[in-house]
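Undergrad: One structure coming up, written as structure tokens, with questions to follow.
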Amino acid sequence: MKATAKDLRFNSKKLLDTDVLIWYMKGNDNAYRIIEDSKRFFISVITYMELVQGMRNKTELNSLRRAIHAWNAKMLYISEDISVKAMFFVEQHYVSHAIHLADALIGATAILHGLPILTANDKHYKIFKDLQIRKFRP
């Protein structure tokens with residue numbers, strides 16, 4: 001499903017994929033508008049950990065922490081249900097689609113919380129039947 005720029009900015013019920021936040025950190029105007037104009041959005045703890053792995057020092061890590069707080073982003077943690085659903089996705093789709101663990105967990109998180117996912121990497125998530133995908137265009 002393709003969303004308009006206004007939908008992406010003001011619809012606070014969305015899970016942001018890691019790539020959208022990376023685009024933001026690289027100074028992308030579209031990512032900036034979406035994030036700064038959102039009243040609230042959600043991220044998976046997996047996204048947070050992926051971002052932390054890209055930090056080069058404690059200063060960058062502290063900046064990330066402050067930004068997540070300032071954005072009023074709600075972090076969604078991994079539950080048993082999310083783990084089970086992600087495990088099913090990996091069992092069913094790894095051989096045919098080489099699904100990555102992080103994508104399985106992020107996709108399962110979005111589905112079980114009833115949230116659409118905003119991502120530029122929609123091909124990573126197309127195999128998830130019940131997932132609403134909103135395409136981000138950098």
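FYI, nothing fancy with the structure tokens labels: chains A, B, ... in order, residues from 1 per chain, ligands from 1 as they appear.
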Check the DSSP output for the backbone and give back, as a ChimeraX atom specification, the residues of region 13-121 of chain A in strand (DSSP E or B).
TA: /A:15-16,42-44,74-76,117-119
Undergrad: Please produce an output containing N, CA and C atoms for each residue in the selection, written as a PDB file, in the first residue's frame.
TA:
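Once everything was written out, this is out28.pdb:
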ATOM      1  N   LEU A  15       5.006   1.389  12.648  1.00  0.00           N
ATOM      2  CA  LEU A  15       6.295   0.892  13.121  1.00  0.00           C
ATOM      3  C   LEU A  15       7.331   1.296  12.079  1.00  0.00           C
ATOM      4  N   LEU A  16       8.354   2.010  12.497  1.00  0.00           N
ATOM      5  CA  LEU A  16       9.407   2.407  11.565  1.00  0.00           C
ATOM      6  C   LEU A  16      10.453   1.309  11.490  1.00  0.00           C
ATOM      7  N   PHE A  42       6.362   3.956  16.540  1.00  0.00           N
ATOM      8  CA  PHE A  42       6.874   2.791  17.251  1.00  0.00           C
ATOM      9  C   PHE A  42       8.130   2.271  16.559  1.00  0.00           C
ATOM     10  N   ILE A  43       9.030   1.707  17.360  1.00  0.00           N
ATOM     11  CA  ILE A  43      10.172   0.972  16.810  1.00  0.00           C
ATOM     12  C   ILE A  43      10.304  -0.329  17.590  1.00  0.00           C
ATOM     13  N   SER A  44      10.815  -1.329  16.909  1.00  0.00           N
ATOM     14  CA  SER A  44      11.113  -2.598  17.562  1.00  0.00           C
ATOM     15  C   SER A  44      12.428  -2.465  18.316  1.00  0.00           C
ATOM     16  N   LYS A  74       7.877   4.931  20.828  1.00  0.00           N
ATOM     17  CA  LYS A  74       7.548   3.840  21.758  1.00  0.00           C
ATOM     18  C   LYS A  74       8.293   2.600  21.291  1.00  0.00           C
ATOM     19  N   MET A  75       9.146   2.055  22.159  1.00  0.00           N
ATOM     20  CA  MET A  75       9.887   0.855  21.814  1.00  0.00           C
ATOM     21  C   MET A  75       9.053  -0.371  22.155  1.00  0.00           C
ATOM     22  N   LEU A  76       8.956  -1.287  21.199  1.00  0.00           N
ATOM     23  CA  LEU A  76       8.209  -2.531  21.383  1.00  0.00           C
ATOM     24  C   LEU A  76       9.203  -3.671  21.583  1.00  0.00           C
ATOM     25  N   ILE A 117       4.069  -1.262   8.798  1.00  0.00           N
ATOM     26  CA  ILE A 117       5.498  -0.979   8.868  1.00  0.00           C
ATOM     27  C   ILE A 117       5.859  -0.005   7.755  1.00  0.00           C
ATOM     28  N   LEU A 118       6.620   1.010   8.112  1.00  0.00           N
ATOM     29  CA  LEU A 118       7.128   1.970   7.144  1.00  0.00           C
ATOM     30  C   LEU A 118       8.559   1.573   6.834  1.00  0.00           C
ATOM     31  N   THR A 119       8.821   1.244   5.575  1.00  0.00           N
ATOM     32  CA  THR A 119      10.135   0.745   5.181  1.00  0.00           C
ATOM     33  C   THR A 119      10.425   1.054   3.721  1.00  0.00           C
TER      34      THR A 119
END
Undergrad: Which residues are close to Ala31 (chain A), i.e. within 12 Å by only C-alpha atoms, leaving aside same-chain residues fewer than 3 positions away? Reply as a PyMOL selection string.
TA: chain A and resi 5+8-9+16-28+34-38+118-120+135-138
Undergrad: Pick out the closest residue to Lys129 (chain A) from this set: A:Ile106, A:Tyr94, A:Leu115, A:Phe89. Count only C-alpha atoms.
TA: A:Phe89
Undergrad: May I have the residues within 12 Å of Lys85 (chain A) as a list in words, using only C-alpha atoms and disregarding those fewer than 2 positions away in the same chain?
TA: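 Contacts, with the query itself left out: Ile78, Ser79, Glu80, Asp81, Ile82, Ser83, Met87, Phe88, Phe89, Val90, Glu91, Gln92, Leu101, Asp103, Ala104, Leu105, Ile106, Gly107, Ala108, Thr109, Ala110, Ile111, Leu112, Phe128, Lys129 and Asp130 of chain A.
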Undergrad: At what distance in Å, to one decimal, does CA of Met55 (chain A) lie from CA of Ile133 (chain A)?
TA: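 CA of Met55 (chain A) lies 27.3 Å from CA of Ile133 (chain A).
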Undergrad: Mind checking DSSP for region 66-138 of chain A and telling me the alpha helix (DSSP H) residues as an mmCIF file with C-alpha atoms, in the first residue's frame?
TA:
data_model
loop_
_atom_site.group_PDB
_atom_site.id
_atom_site.type_symbol
_atom_site.label_atom_id
_atom_site.label_comp_id
_atom_site.auth_asym_id
_atom_site.auth_seq_id
_atom_site.Cartn_x
_atom_site.Cartn_y
_atom_site.Cartn_z
ATOM 1 C CA ARG A 66 18.119 11.421 23.331
ATOM 2 C CA ALA A 67 16.573 11.429 19.836
ATOM 3 C CA ILE A 68 14.335 8.428 20.571
ATOM 4 C CA HIS A 69 13.161 10.135 23.747
ATOM 5 C CA ALA A 70 12.608 13.498 21.993
ATOM 6 C CA GLU A 80 6.997 -15.020 23.445
ATOM 7 C CA ASP A 81 4.272 -14.550 20.805
ATOM 8 C CA ILE A 82 6.581 -12.420 18.651
ATOM 9 C CA SER A 83 9.334 -15.022 18.991
ATOM 10 C CA VAL A 84 7.012 -17.842 17.972
ATOM 11 C CA LYS A 85 5.681 -15.938 14.945
ATOM 12 C CA ALA A 86 9.201 -14.952 13.842
ATOM 13 C CA MET A 87 10.355 -18.557 14.255
ATOM 14 C CA PHE A 88 7.475 -19.669 12.015
ATOM 15 C CA PHE A 89 8.466 -17.082 9.381
ATOM 16 C CA VAL A 90 12.077 -18.284 9.400
ATOM 17 C CA GLU A 91 11.029 -21.952 9.191
ATOM 18 C CA GLN A 92 8.617 -21.258 6.350
ATOM 19 C CA HIS A 93 10.584 -18.733 4.314
ATOM 20 C CA TYR A 94 14.326 -18.976 4.963
ATOM 21 C CA VAL A 95 15.109 -21.409 2.175
ATOM 22 C CA SER A 96 12.876 -19.747 -0.421
ATOM 23 C CA HIS A 97 13.456 -16.078 0.500
ATOM 24 C CA LEU A 101 16.320 -12.945 11.683
ATOM 25 C CA ALA A 102 15.943 -9.201 12.318
ATOM 26 C CA ASP A 103 13.335 -8.831 9.550
ATOM 27 C CA ALA A 104 11.373 -11.810 10.891
ATOM 28 C CA LEU A 105 11.315 -10.304 14.390
ATOM 29 C CA ILE A 106 10.457 -6.778 13.195
ATOM 30 C CA GLY A 107 7.726 -8.091 10.885
ATOM 31 C CA ALA A 108 6.248 -10.280 13.636
ATOM 32 C CA THR A 109 6.293 -7.306 16.007
ATOM 33 C CA ALA A 110 4.342 -5.151 13.551
ATOM 34 C CA ILE A 111 1.787 -7.887 12.868
ATOM 35 C CA LEU A 112 1.142 -8.767 16.507
#
Undergrad: How many Å lie between CA of Gln53 (chain A) and CA of Tyr77 (chain A), rounded to one decimal?
TA: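 Answer for the CA of Gln53 (chain A) to CA of Tyr77 (chain A) separation: 17.3 Å.
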